[in-house]
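Source file: start-v6.txt (compact mmCIF, C-alpha atoms and all ligand atoms)
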```txt
# COMPACT_ATOMS: atom_id res chain seq x y z
CA MET A 1 24.89 4.22 -8.33
CA LYS A 2 24.77 7.82 -9.35
CA LYS A 3 26.23 9.17 -12.51
CA ILE A 4 27.45 12.67 -13.12
CA ALA A 5 28.09 13.90 -16.63
CA PHE A 6 30.12 17.05 -16.64
CA LEU A 7 29.01 19.39 -19.40
CA ALA A 8 31.03 22.46 -18.63
CA VAL A 9 33.35 23.68 -16.04
CA LEU A 10 32.18 25.52 -12.98
CA ALA A 11 33.72 27.71 -10.38
CA LEU A 12 33.75 28.55 -6.73
CA LEU A 13 31.96 31.46 -5.20
CA VAL A 14 35.05 33.53 -4.40
CA GLY A 15 38.69 32.75 -4.73
CA SER A 16 42.08 33.35 -6.14
CA VAL A 17 43.60 32.08 -9.31
CA ALA A 18 46.99 30.86 -10.32
CA ALA A 19 47.13 33.00 -13.43
CA ALA A 20 46.55 36.25 -11.61
CA CYS A 21 49.40 38.60 -10.89
CA ASP A 22 51.54 37.91 -7.91
CA ASP A 23 51.26 40.88 -5.60
CA GLY A 24 55.00 40.85 -4.80
CA GLY A 25 56.26 40.07 -8.28
CA GLY A 26 55.93 43.20 -10.34
CA VAL A 27 56.21 41.41 -13.67
CA THR A 28 53.14 40.20 -15.45
CA ASN A 29 52.77 37.75 -18.25
CA GLY A 30 53.24 39.76 -21.37
CA ASP A 31 51.06 42.45 -20.00
CA GLY A 32 53.16 45.25 -21.41
CA ASP A 33 51.79 47.66 -18.91
CA GLY A 34 55.36 48.40 -17.86
CA GLY A 35 55.41 49.38 -14.23
CA GLY A 36 51.88 50.81 -13.96
CA SER A 37 49.14 49.64 -11.67
CA THR A 38 48.78 45.92 -11.02
CA PRO A 39 45.54 44.49 -12.49
CA ALA A 40 43.09 43.14 -9.99
CA PRO A 41 43.37 39.35 -9.78
CA ALA A 42 40.60 37.10 -10.99
CA GLU A 43 37.77 36.88 -8.50
CA PHE A 44 34.69 34.77 -8.98
CA ILE A 45 31.05 35.01 -8.02
CA VAL A 46 28.69 32.09 -8.57
CA SER A 47 24.99 32.90 -8.83
CA ASN A 48 21.65 31.85 -10.29
CA LEU A 49 21.88 28.19 -9.34
CA VAL A 50 18.91 26.41 -10.93
CA VAL A 51 18.09 22.71 -11.14
CA ALA A 52 15.49 21.68 -13.70
CA PRO A 53 13.23 19.90 -13.90
CA ALA A 54 12.45 19.93 -10.19
CA GLU A 55 11.01 16.41 -10.35
CA VAL A 56 12.04 13.45 -12.49
CA GLU A 57 11.58 9.71 -12.48
CA VAL A 58 14.38 7.35 -11.58
CA GLY A 59 16.90 7.25 -14.42
CA GLU A 60 15.94 10.61 -15.89
CA SER A 61 18.46 13.42 -15.66
CA VAL A 62 18.18 16.89 -14.18
CA THR A 63 20.36 19.74 -15.34
CA LEU A 64 22.10 21.99 -12.85
CA ARG A 65 22.95 25.43 -14.17
CA ALA A 66 24.75 28.36 -12.59
CA ASP A 67 26.57 31.50 -13.68
CA VAL A 68 30.22 32.16 -12.83
CA GLU A 69 31.31 35.77 -13.08
CA ASN A 70 34.93 36.90 -12.98
CA ILE A 71 34.97 40.38 -11.45
CA GLY A 72 38.78 40.62 -11.66
CA GLU A 73 40.85 42.32 -14.31
CA VAL A 74 42.60 39.20 -15.57
CA GLY A 75 41.28 35.86 -16.68
CA GLY A 76 41.59 32.89 -14.45
CA THR A 77 40.84 29.29 -13.72
CA TYR A 78 38.66 28.34 -10.85
CA THR A 79 38.05 25.03 -9.18
CA ALA A 80 34.44 24.22 -8.43
CA THR A 81 33.02 21.54 -6.19
CA LEU A 82 29.60 19.94 -6.70
CA LYS A 83 28.03 18.20 -3.73
CA ILE A 84 24.88 16.09 -3.62
CA ASN A 85 23.37 15.57 -0.16
CA GLY A 86 26.58 16.93 1.33
CA VAL A 87 28.85 14.48 -0.48
CA GLU A 88 31.41 15.79 -2.94
CA VAL A 89 30.75 14.15 -6.28
CA GLU A 90 32.69 16.22 -8.80
CA THR A 91 35.50 18.78 -8.89
CA LYS A 92 36.23 20.68 -12.08
CA ASP A 93 38.10 23.71 -13.34
CA ILE A 94 36.53 26.54 -15.30
CA VAL A 95 38.30 29.28 -17.25
CA VAL A 96 36.60 32.67 -17.16
CA ALA A 97 38.00 35.73 -18.92
CA ALA A 98 38.29 39.02 -17.08
CA ALA A 99 34.96 40.76 -16.55
CA ASP A 100 33.19 37.83 -18.19
CA THR A 101 30.50 35.38 -17.09
CA GLU A 102 30.35 31.74 -18.08
CA MET A 103 27.39 29.44 -17.73
CA ILE A 104 28.14 26.11 -16.10
CA LEU A 105 26.07 22.96 -16.44
CA PHE A 106 25.98 19.59 -14.77
CA GLU A 107 23.77 16.70 -15.75
CA ILE A 108 22.78 14.55 -12.77
CA THR A 109 21.05 11.17 -12.87
CA GLU A 110 19.92 9.28 -9.78
CA ASP A 111 18.54 5.76 -9.69
CA ALA A 112 16.97 5.84 -6.22
CA PRO A 113 13.78 7.74 -5.35
CA GLY A 114 14.18 10.60 -2.91
CA THR A 115 14.86 14.27 -2.38
CA TYR A 116 18.34 15.42 -3.38
CA THR A 117 20.01 18.63 -2.27
CA VAL A 118 22.58 19.97 -4.67
CA SER A 119 25.22 22.33 -3.36
CA LEU A 120 27.58 24.36 -5.47
CA ASP A 121 29.98 26.35 -3.37
CA GLY A 122 27.45 27.70 -0.93
CA LEU A 123 24.41 27.80 -3.20
CA THR A 124 21.85 25.05 -2.83
CA ALA A 125 18.84 23.70 -4.69
CA THR A 126 16.78 20.53 -4.46
CA PHE A 127 15.14 18.11 -6.83
CA GLU A 128 12.88 15.09 -6.41
CA VAL A 129 13.40 11.66 -7.93
CA THR A 130 10.25 9.55 -8.04
CA ALA A 131 9.87 5.85 -8.61
CA VAL A 132 8.92 4.73 -12.08
CA ILE A 133 5.34 3.51 -12.08
CA VAL A 134 4.83 0.51 -14.32
CA VAL A 135 1.26 -0.60 -14.92
CA LEU A 136 1.15 -4.33 -15.60
CA PHE A 137 -2.60 -4.43 -16.20
CA SER A 138 -5.57 -2.14 -15.78
CA ASP A 139 -9.28 -2.41 -16.41
CA ASN A 140 -12.05 0.18 -16.12
CA PHE A 141 -14.52 -2.48 -17.31
CA SER A 142 -15.79 -0.35 -20.19
CA ASP A 143 -14.64 -3.03 -22.63
CA GLU A 144 -16.78 -6.12 -22.08
CA THR A 145 -14.24 -8.28 -23.90
CA SER A 146 -11.38 -7.50 -21.50
CA GLY A 147 -11.19 -11.14 -20.46
CA TRP A 148 -12.94 -11.63 -17.11
CA ASP A 149 -15.09 -14.74 -16.68
CA VAL A 150 -18.76 -13.98 -17.32
CA TYR A 151 -21.45 -16.48 -16.43
CA THR A 152 -24.74 -17.30 -14.71
CA TYR A 153 -24.96 -20.42 -12.59
CA GLY A 154 -28.11 -20.91 -10.54
CA GLY A 155 -28.49 -17.79 -8.42
CA ASP A 156 -24.87 -16.74 -8.93
CA TRP A 157 -23.65 -14.55 -11.78
CA ALA A 158 -20.77 -12.36 -12.97
CA ALA A 159 -21.16 -9.72 -15.70
CA TYR A 160 -19.93 -6.41 -17.11
CA GLU A 161 -22.55 -3.76 -16.44
CA ASN A 162 -22.39 -0.01 -17.21
CA GLY A 163 -18.63 0.19 -16.88
CA TRP A 164 -18.38 -1.84 -13.69
CA PHE A 165 -17.95 -5.56 -13.12
CA HIS A 166 -20.79 -7.04 -11.06
CA ILE A 167 -20.71 -10.27 -9.11
CA SER A 168 -23.76 -11.55 -7.29
CA ASP A 169 -23.55 -14.46 -4.89
CA SER A 170 -26.60 -16.32 -3.57
CA LEU A 171 -26.76 -17.53 0.00
CA ALA A 172 -26.54 -21.10 -1.28
CA ALA A 173 -23.27 -22.84 -0.54
CA GLY A 174 -20.11 -21.60 -2.17
CA THR A 175 -18.79 -18.22 -3.20
CA THR A 176 -18.94 -16.59 -6.62
CA HIS A 177 -15.86 -15.35 -8.39
CA SER A 178 -14.49 -14.23 -11.74
CA LEU A 179 -10.89 -14.53 -12.88
CA ALA A 180 -8.95 -12.05 -15.01
CA ASN A 181 -7.23 -14.95 -16.81
CA ARG A 182 -3.78 -13.45 -16.43
CA ASN A 183 -0.70 -14.24 -14.39
CA PHE A 184 1.25 -12.09 -11.96
CA THR A 185 4.06 -12.75 -9.54
CA ASP A 186 4.91 -9.62 -7.52
CA PHE A 187 2.55 -6.69 -7.81
CA ILE A 188 0.37 -4.06 -6.20
CA ILE A 189 -3.31 -4.20 -7.06
CA GLU A 190 -5.86 -1.48 -6.48
CA VAL A 191 -9.59 -1.85 -7.07
CA ASP A 192 -12.78 -0.04 -6.07
CA MET A 193 -15.74 -2.05 -4.79
CA LYS A 194 -19.26 -1.23 -3.63
CA LEU A 195 -22.28 -3.15 -2.44
CA ILE A 196 -25.09 -2.81 -4.99
CA ALA A 197 -27.90 -4.89 -3.49
CA GLY A 198 -28.60 -7.65 -1.01
CA THR A 199 -26.96 -8.24 2.33
CA ASP A 200 -24.09 -6.24 3.75
CA ASP A 201 -23.18 -9.35 5.74
CA ASN A 202 -20.84 -10.50 3.03
CA TRP A 203 -17.25 -10.80 1.88
CA GLN A 204 -16.09 -8.92 -1.18
CA SER A 205 -12.62 -10.05 -2.11
CA VAL A 206 -9.58 -9.98 -4.32
CA MET A 207 -8.06 -13.38 -5.04
CA PHE A 208 -4.42 -13.49 -6.08
CA ARG A 209 -1.68 -15.98 -6.95
CA TYR A 210 -4.60 -18.18 -7.94
CA ASP A 211 -3.82 -21.54 -9.53
CA GLY A 212 -7.09 -23.40 -9.12
CA ASN A 213 -6.96 -25.14 -5.74
CA SER A 214 -4.63 -22.61 -4.13
CA TYR A 215 -4.82 -18.85 -3.80
CA TYR A 216 -4.65 -15.92 -1.43
CA SER A 217 -7.72 -13.82 -0.70
CA ALA A 218 -7.94 -10.35 0.83
CA GLU A 219 -11.50 -9.62 1.86
CA ILE A 220 -13.64 -6.82 3.23
CA SER A 221 -17.30 -6.80 4.14
CA ALA A 222 -19.93 -4.15 3.57
CA ASP A 223 -20.57 -4.22 7.32
CA GLY A 224 -17.02 -3.15 8.15
CA TYR A 225 -14.72 -6.16 8.56
CA TYR A 226 -11.61 -7.47 6.83
CA GLU A 227 -9.73 -10.74 6.75
CA MET A 228 -7.02 -12.51 4.75
CA GLN A 229 -7.00 -16.14 3.72
CA LEU A 230 -4.75 -18.73 2.15
CA TRP A 231 -6.42 -21.61 0.36
CA LEU A 232 -3.76 -24.28 -0.08
CA ASN A 233 -4.79 -27.30 -2.16
CA GLY A 234 -8.39 -26.73 -1.15
CA THR A 235 -7.72 -26.26 2.58
CA LEU A 236 -8.35 -22.91 4.28
CA HIS A 237 -5.61 -21.29 6.37
CA MET A 238 -6.62 -18.02 8.00
CA LEU A 239 -3.85 -15.44 7.68
CA VAL A 240 -5.82 -12.64 9.33
CA ASN A 241 -8.99 -13.40 11.26
CA PRO A 242 -12.11 -11.24 10.72
CA THR A 243 -11.43 -7.83 12.25
CA ARG A 244 -13.59 -4.73 12.36
CA SER A 245 -12.18 -1.48 10.96
CA SER A 246 -13.72 1.99 10.99
CA HIS A 247 -11.81 2.70 7.76
CA ILE A 248 -14.13 0.38 5.82
CA LEU A 249 -17.20 2.30 4.69
CA GLN A 250 -20.43 0.42 5.28
CA GLY A 251 -23.68 -0.07 3.43
CA GLN A 252 -24.94 0.05 -0.13
CA GLY A 253 -23.61 2.41 -2.79
CA VAL A 254 -20.45 3.52 -0.99
CA VAL A 255 -17.11 2.82 -2.63
CA ASN A 256 -14.23 1.23 -0.74
CA SER A 257 -10.83 1.46 -2.41
CA VAL A 258 -8.80 -1.67 -1.73
CA ARG A 259 -5.04 -1.98 -2.22
CA ILE A 260 -3.10 -5.20 -1.89
CA GLU A 261 0.66 -5.43 -2.00
CA CYS A 262 1.95 -8.86 -2.92
CA ILE A 263 5.73 -8.68 -3.07
CA GLY A 264 7.71 -11.82 -2.41
CA ASN A 265 6.47 -13.25 0.90
CA ARG A 266 4.98 -9.96 2.07
CA LEU A 267 1.23 -9.56 1.67
CA SER A 268 -0.65 -6.50 2.85
CA LEU A 269 -4.16 -5.10 2.69
CA SER A 270 -5.02 -1.42 2.76
CA VAL A 271 -8.50 0.09 2.51
CA ASN A 272 -9.18 3.73 1.68
CA GLY A 273 -5.51 4.57 2.22
CA HIS A 274 -5.16 2.85 5.61
CA LEU A 275 -2.93 -0.19 6.07
CA LEU A 276 -5.07 -2.78 7.88
CA ALA A 277 -3.08 -6.00 7.71
CA GLU A 278 0.36 -7.22 6.76
CA VAL A 279 1.46 -10.85 6.83
CA THR A 280 4.35 -12.97 5.67
CA ASP A 281 3.59 -16.13 3.74
CA GLY A 282 5.56 -17.88 1.04
CA SER A 283 3.17 -20.66 0.10
CA LEU A 284 2.28 -19.32 -3.34
CA GLN A 285 4.54 -17.51 -5.80
CA SER A 286 2.40 -16.49 -8.77
CA GLY A 287 -0.95 -16.94 -10.43
CA ASP A 288 -4.15 -15.36 -11.66
CA ILE A 289 -6.13 -12.60 -9.96
CA GLY A 290 -9.86 -12.78 -9.31
CA LEU A 291 -12.78 -10.91 -7.79
CA GLU A 292 -15.06 -12.77 -5.42
CA VAL A 293 -18.28 -12.25 -3.46
CA ASN A 294 -19.68 -14.36 -0.64
CA ALA A 295 -23.16 -13.75 0.82
CA LEU A 296 -23.40 -14.77 4.48
CA ALA A 297 -27.04 -13.84 5.22
CA ASP A 298 -30.30 -12.80 3.60
CA THR A 299 -30.62 -14.35 0.12
CA PHE A 300 -27.81 -12.79 -1.90
CA SER A 301 -25.13 -10.08 -2.10
CA GLU A 302 -24.34 -8.14 -5.28
CA VAL A 303 -21.05 -6.19 -5.44
CA ALA A 304 -19.66 -4.06 -8.28
CA PHE A 305 -15.93 -3.57 -8.95
CA ASP A 306 -14.14 -0.88 -10.97
CA ASN A 307 -10.86 0.91 -11.68
CA LEU A 308 -8.66 -2.11 -11.23
CA VAL A 309 -4.93 -1.46 -11.68
CA VAL A 310 -2.03 -3.86 -11.22
CA TYR A 311 1.32 -2.13 -10.74
CA ALA A 312 4.80 -3.52 -10.73
CA PRO A 313 6.19 -3.30 -7.19
CA CA B 401 -15.57 1.73 -15.02
CA CA B 402 -22.98 -18.36 -2.05
```
Output the file's structure in the form of structure tokens.
Amino acid sequence: MKKIAFLAVLALLVGSVAAACDDGGGVTNGDGDGGGSTPAPAEFIVSNLVVAPAEVEVGESVTLRADVENIGEVGGTYTATLKINGVEVETKDIVVAAADTEMILFEITEDAPGTYTVSLDGLTATFEVTAVIVVLFSDNFSDETSGWDVYTYGGDWAAYENGWFHISDSLAAGTTHSLANRNFTDFIIEVDMKLIAGTDDNWQSVMFRYDGNSYYSAEISADGYYEMQLWLNGTLHMLVNPTRSSHILQGQGVVNSVRIECIGNRLSLSVNGHLLAEVTDGSLQSGDIGLEVNALADTFSEVAFDNLVVYAP
């Protein structure tokens, strides 16, 4: 629902006015000019339409401003029409004295993102409304007390290291993961990940809606594959089977930026700005997030994660 607050009256580009002299009448309102020339009727020019700021977030207002000049010899009232995206949203009268200019202002607030075209009697301008970005959680891993699980267990370990979070998984059975120890329902998560050492035949993953025995996992490998899994009460259900993608950068030291959208039943995985998989599954509603590594060959795989952000959808 849009909301228009009218701050001042505004006028049409050109037009006539009720208060102006009637051409056939010969008597003016207290003019006293007594039979001389008839004053030119009010005539309006609208100019200098400006909308500022040109970009706002949802719920923030923009101000529309224009000048209305009366080039006639008598004052008058003019009716102005404001349109947004071609739809008339407000009609107002403005009084402008003879040979005077009045500034007119509208305040406009939109609650849906998009581009809006404002039209005021033939003049147009546009403004952008952007979605409000709400960060639910973020971690650049510079603070080693930010809450992720840190441990060493046999050949597996998870640790903060030089502003990244490292997880190393040995080839021995089982994967290695660390939880954020938080809870999210619907969200978008972005995280960078890169292979540090060991095999590129691995899975490096984001776990989400984790509650112990059940969770989703969106995974990429350092040799160019992705997959999506649902673990439900300890049983694996493949949501997306392993698939190769040229958008996943391969090898050690290269960063892949992973984005997962988890909104209601819709789960999607994007890597480096490319949507790779989208599935519908309603098995799990909320839970923790985690980072996970699984070595599939050689003796181990060490992956580092950074710049993790969880946004509200
Ligand atoms: Ca960092
Ligand atoms: Ca392992």
Just want the 8 Å neighbourhood of A:Thr126, counted on all atoms listed in the file, with same-chain residues fewer than 4 positions away dropped. Output as a PDB file with C-alpha atoms, keeping the file's coordinate frame.
```
ATOM      1  CA  VAL A  51      18.090  22.710 -11.140  1.00  0.00           C
ATOM      2  CA  ALA A  54      12.450  19.930 -10.190  1.00  0.00           C
ATOM      3  CA  THR A 115      14.860  14.270  -2.380  1.00  0.00           C
ATOM      4  CA  TYR A 116      18.340  15.420  -3.380  1.00  0.00           C
ATOM      5  CA  THR A 117      20.010  18.630  -2.270  1.00  0.00           C
ATOM      6  CA  VAL A 118      22.580  19.970  -4.670  1.00  0.00           C
TER       7      VAL A 118
END
```
> Which of these, A:Leu171, A:Ile188, A:Ile248, A:Ile289, has the shortest distance to ligand CA 402 (chain B) once you count only C-alpha atoms and all ligand atoms?
Replying inline: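 Of all the options, A:Leu171 lies closest to ligand CA 402 (chain B).
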>> Please determine, counting only C-alpha atoms and all ligand atoms, which residue among A:Val89, A:Val50, A:Ala222, A:Val191 has the shortest atom-to-atom distance to ligand CA 401 (chain B).
In response: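 For ligand CA 401 (chain B), the nearest of the given residues is A:Val191.
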> Between atom CA of A:His274 and atom CA of A:Pro113, what is the spacing in Å?
Replying inline: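 Separation between atom CA of A:Pro113 and atom CA of A:His274: 22.4 Å.
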>> With 6 Å as the threshold, what does the neighbourhood of (12.6, 16.4, -7.7) contain in terms of residues, counting all atoms listed in the file? Coordinates are those of the file; answer as a VMD selection string.
In response: chain A and resid 54 to 56 127 to 129
>> Could you list the protein, DNA and RNA residues that have any atom within 8 Å of ligand CA 401 (chain B), counting only C-alpha atoms and all ligand atoms, and write them as a list of chain:residue names?
In response: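 Checked against 8 Å with only C-alpha atoms and all ligand atoms; the hits are A:Asp139, A:Asn140, A:Phe141, A:Ser142, A:Asn162, A:Gly163, A:Trp164, A:Phe165, A:Asp306, A:Asn307.
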Requested write-out: C-alpha atoms of the selected residues, as a compact mmCIF listing (two decimals), in the coordinates of the input:
```txt
# COMPACT_ATOMS: atom_id res chain seq x y z
CA ASP A 139 -9.28 -2.41 -16.41
CA ASN A 140 -12.05 0.18 -16.12
CA PHE A 141 -14.52 -2.48 -17.31
CA SER A 142 -15.79 -0.35 -20.19
CA ASN A 162 -22.39 -0.01 -17.21
CA GLY A 163 -18.63 0.19 -16.88
CA TRP A 164 -18.38 -1.84 -13.69
CA PHE A 165 -17.95 -5.56 -13.12
CA ASP A 306 -14.14 -0.88 -10.97
CA ASN A 307 -10.86 0.91 -11.68
```
> Within 8 Å of ligand CA 402 (chain B), counting only C-alpha atoms and all ligand atoms: which residues, as a list in words?
Replying inline: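 If we count only C-alpha atoms and all ligand atoms, the neighbours of ligand CA 402 (chain B) turn out to be Asp156, Asp169, Ser170, Leu171, Ala172, Ala173, Gly174, Thr175, Thr176, Val293, Asn294, Ala295, Leu296 and Phe300 of chain A.
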>> Using all atoms listed in the file, which protein or nucleic acid residues come within 8 Å of A:Asp281? Drop anything in the same chain fewer than 4 positions from it, and give the result as a PyMOL selection string.
In response: chain A and resi 265-267
>> Could you check the closest approach to A:Leu232 for each of A:Thr91, A:Ser283, A:Ser217, A:Asn70 and tell me which residue wins, using only C-alpha atoms?
In response: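 Nearest candidate to A:Leu232 out of A:Thr91, A:Ser283, A:Ser217, A:Asn70: A:Ser283.
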> Between A:Asn241, A:Asn213, A:Thr109, A:Gln252, which one has atoms that come closest to A:Leu284, using all atoms listed in the file?
Replying inline: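 That would be A:Asn213, the residue with the smallest distance to A:Leu284.
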>> Counting all atoms listed in the file, I want the residues whose atoms come within 9 Å of (40.6, 36.2, -15.7) in the file frame, returned as a list in words.
In response: Val17, Ala19, Ala20, Pro41, Ala42, Glu43, Asn70, Ile71, Gly72, Glu73, Val74, Gly75, Gly76, Thr77, Val95, Val96, Ala97, Ala98, Ala99 and Asp100 of chain A
>> Ranking A:Tyr225, A:Phe106, A:Phe187, A:Tyr216 by minimum distance to A:Arg259 and counting only C-alpha atoms, which one comes first?
In response: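 Smallest separation from A:Arg259 among the options: A:Phe187.
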> For A:Leu120, which residue among A:Val255, A:Val46, A:Val271, A:Ala218 is the nearest when counting only C-alpha atoms?
Replying inline: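 Using only C-alpha atoms, A:Leu120 sits closest to A:Val46.
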>> Excluding A:Ala159 and its own-chain neighbours fewer than 3 positions away, which residues fall within 12 Å of it when counting all atoms listed in the file? Please give them as a VMD selection string.
In response: chain A and resid 141 to 153 156 162 to 168 176 to 179 291 302 to 305
Distance query A:Glu88 at most 12 Å, all atoms listed in the file, self and fewer than 5 positions along chain excluded, as an mmCIF file with C-alpha atoms, keeping the file's coordinate frame:
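Output file part-v8.cif follows:
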```
data_model
loop_
_atom_site.group_PDB
_atom_site.id
_atom_site.type_symbol
_atom_site.label_atom_id
_atom_site.label_comp_id
_atom_site.auth_asym_id
_atom_site.auth_seq_id
_atom_site.Cartn_x
_atom_site.Cartn_y
_atom_site.Cartn_z
ATOM 1 C CA ILE A 4 27.450 12.670 -13.120
ATOM 2 C CA ALA A 80 34.440 24.220 -8.430
ATOM 3 C CA THR A 81 33.020 21.540 -6.190
ATOM 4 C CA LEU A 82 29.600 19.940 -6.700
ATOM 5 C CA LYS A 83 28.030 18.200 -3.730
ATOM 6 C CA THR A 117 20.010 18.630 -2.270
ATOM 7 C CA VAL A 118 22.580 19.970 -4.670
ATOM 8 C CA SER A 119 25.220 22.330 -3.360
ATOM 9 C CA LEU A 120 27.580 24.360 -5.470
ATOM 10 C CA ASP A 121 29.980 26.350 -3.370
#
```
> Quick one, how far is atom CA of A:Glu107 from atom CA of A:Val134?
Replying inline: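 Atom CA of A:Glu107 sits 25.0 Å away from atom CA of A:Val134.
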> What is the atom CA of A:Arg209-atom CA of A:Ser286 distance in Å, reported with one decimal?
Replying inline: 4.5 Å
Enclose all atoms of stretch 170-184 of chain A listed in the file in an axis-aligned box, grow every side by 4 Å, and hand back centre and edge lengths in Å to one decimal, as JSON.
```
{"center_x": -12.8, "center_y": -17.4, "center_z": -8.4, "size_x": 36.0, "size_y": 18.8, "size_z": 24.8}
```
>> Residues near A:Glu219, anyone? I mean within 6 Å using only C-alpha atoms, not counting same-chain ones fewer than 4 positions away, as number ranges by chain.
In response: A: 203-205, 226-227
Could I see stretch 118-130 of chain A restored to N, CA and C atoms, set down as a PDB file, in the frame of the given file?
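That gives us rebuild.pdb:
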```pdb
ATOM      1  N   VAL A 118      21.368  19.689  -3.922  1.00  0.00           N
ATOM      2  CA  VAL A 118      22.580  19.970  -4.670  1.00  0.00           C
ATOM      3  C   VAL A 118      23.214  21.216  -4.097  1.00  0.00           C
ATOM      4  N   SER A 119      24.533  21.173  -3.890  1.00  0.00           N
ATOM      5  CA  SER A 119      25.220  22.330  -3.360  1.00  0.00           C
ATOM      6  C   SER A 119      26.410  22.652  -4.234  1.00  0.00           C
ATOM      7  N   LEU A 120      26.480  23.899  -4.619  1.00  0.00           N
ATOM      8  CA  LEU A 120      27.580  24.360  -5.470  1.00  0.00           C
ATOM      9  C   LEU A 120      28.203  25.552  -4.785  1.00  0.00           C
ATOM     10  N   ASP A 121      29.217  25.285  -4.010  1.00  0.00           N
ATOM     11  CA  ASP A 121      29.980  26.350  -3.370  1.00  0.00           C
ATOM     12  C   ASP A 121      29.087  27.346  -2.647  1.00  0.00           C
ATOM     13  N   GLY A 122      28.251  26.831  -1.790  1.00  0.00           N
ATOM     14  CA  GLY A 122      27.450  27.700  -0.930  1.00  0.00           C
ATOM     15  C   GLY A 122      26.029  27.902  -1.411  1.00  0.00           C
ATOM     16  N   LEU A 123      25.782  27.709  -2.695  1.00  0.00           N
ATOM     17  CA  LEU A 123      24.410  27.800  -3.200  1.00  0.00           C
ATOM     18  C   LEU A 123      23.803  26.409  -3.159  1.00  0.00           C
ATOM     19  N   THR A 124      22.494  26.352  -2.864  1.00  0.00           N
ATOM     20  CA  THR A 124      21.850  25.050  -2.830  1.00  0.00           C
ATOM     21  C   THR A 124      20.541  25.075  -3.601  1.00  0.00           C
ATOM     22  N   ALA A 125      20.142  23.898  -4.050  1.00  0.00           N
ATOM     23  CA  ALA A 125      18.840  23.700  -4.690  1.00  0.00           C
ATOM     24  C   ALA A 125      18.479  22.237  -4.479  1.00  0.00           C
ATOM     25  N   THR A 126      17.200  21.919  -4.645  1.00  0.00           N
ATOM     26  CA  THR A 126      16.780  20.530  -4.460  1.00  0.00           C
ATOM     27  C   THR A 126      16.009  20.045  -5.673  1.00  0.00           C
ATOM     28  N   PHE A 127      16.014  18.735  -5.826  1.00  0.00           N
ATOM     29  CA  PHE A 127      15.140  18.110  -6.830  1.00  0.00           C
ATOM     30  C   PHE A 127      14.646  16.777  -6.290  1.00  0.00           C
ATOM     31  N   GLU A 128      13.515  16.332  -6.850  1.00  0.00           N
ATOM     32  CA  GLU A 128      12.880  15.090  -6.410  1.00  0.00           C
ATOM     33  C   GLU A 128      13.059  14.016  -7.484  1.00  0.00           C
ATOM     34  N   VAL A 129      13.370  12.814  -7.034  1.00  0.00           N
ATOM     35  CA  VAL A 129      13.400  11.660  -7.930  1.00  0.00           C
ATOM     36  C   VAL A 129      12.300  10.706  -7.479  1.00  0.00           C
ATOM     37  N   THR A 130      11.381  10.411  -8.381  1.00  0.00           N
ATOM     38  CA  THR A 130      10.250   9.550  -8.040  1.00  0.00           C
ATOM     39  C   THR A 130      10.418   8.185  -8.693  1.00  0.00           C
TER      40      THR A 130
END
```
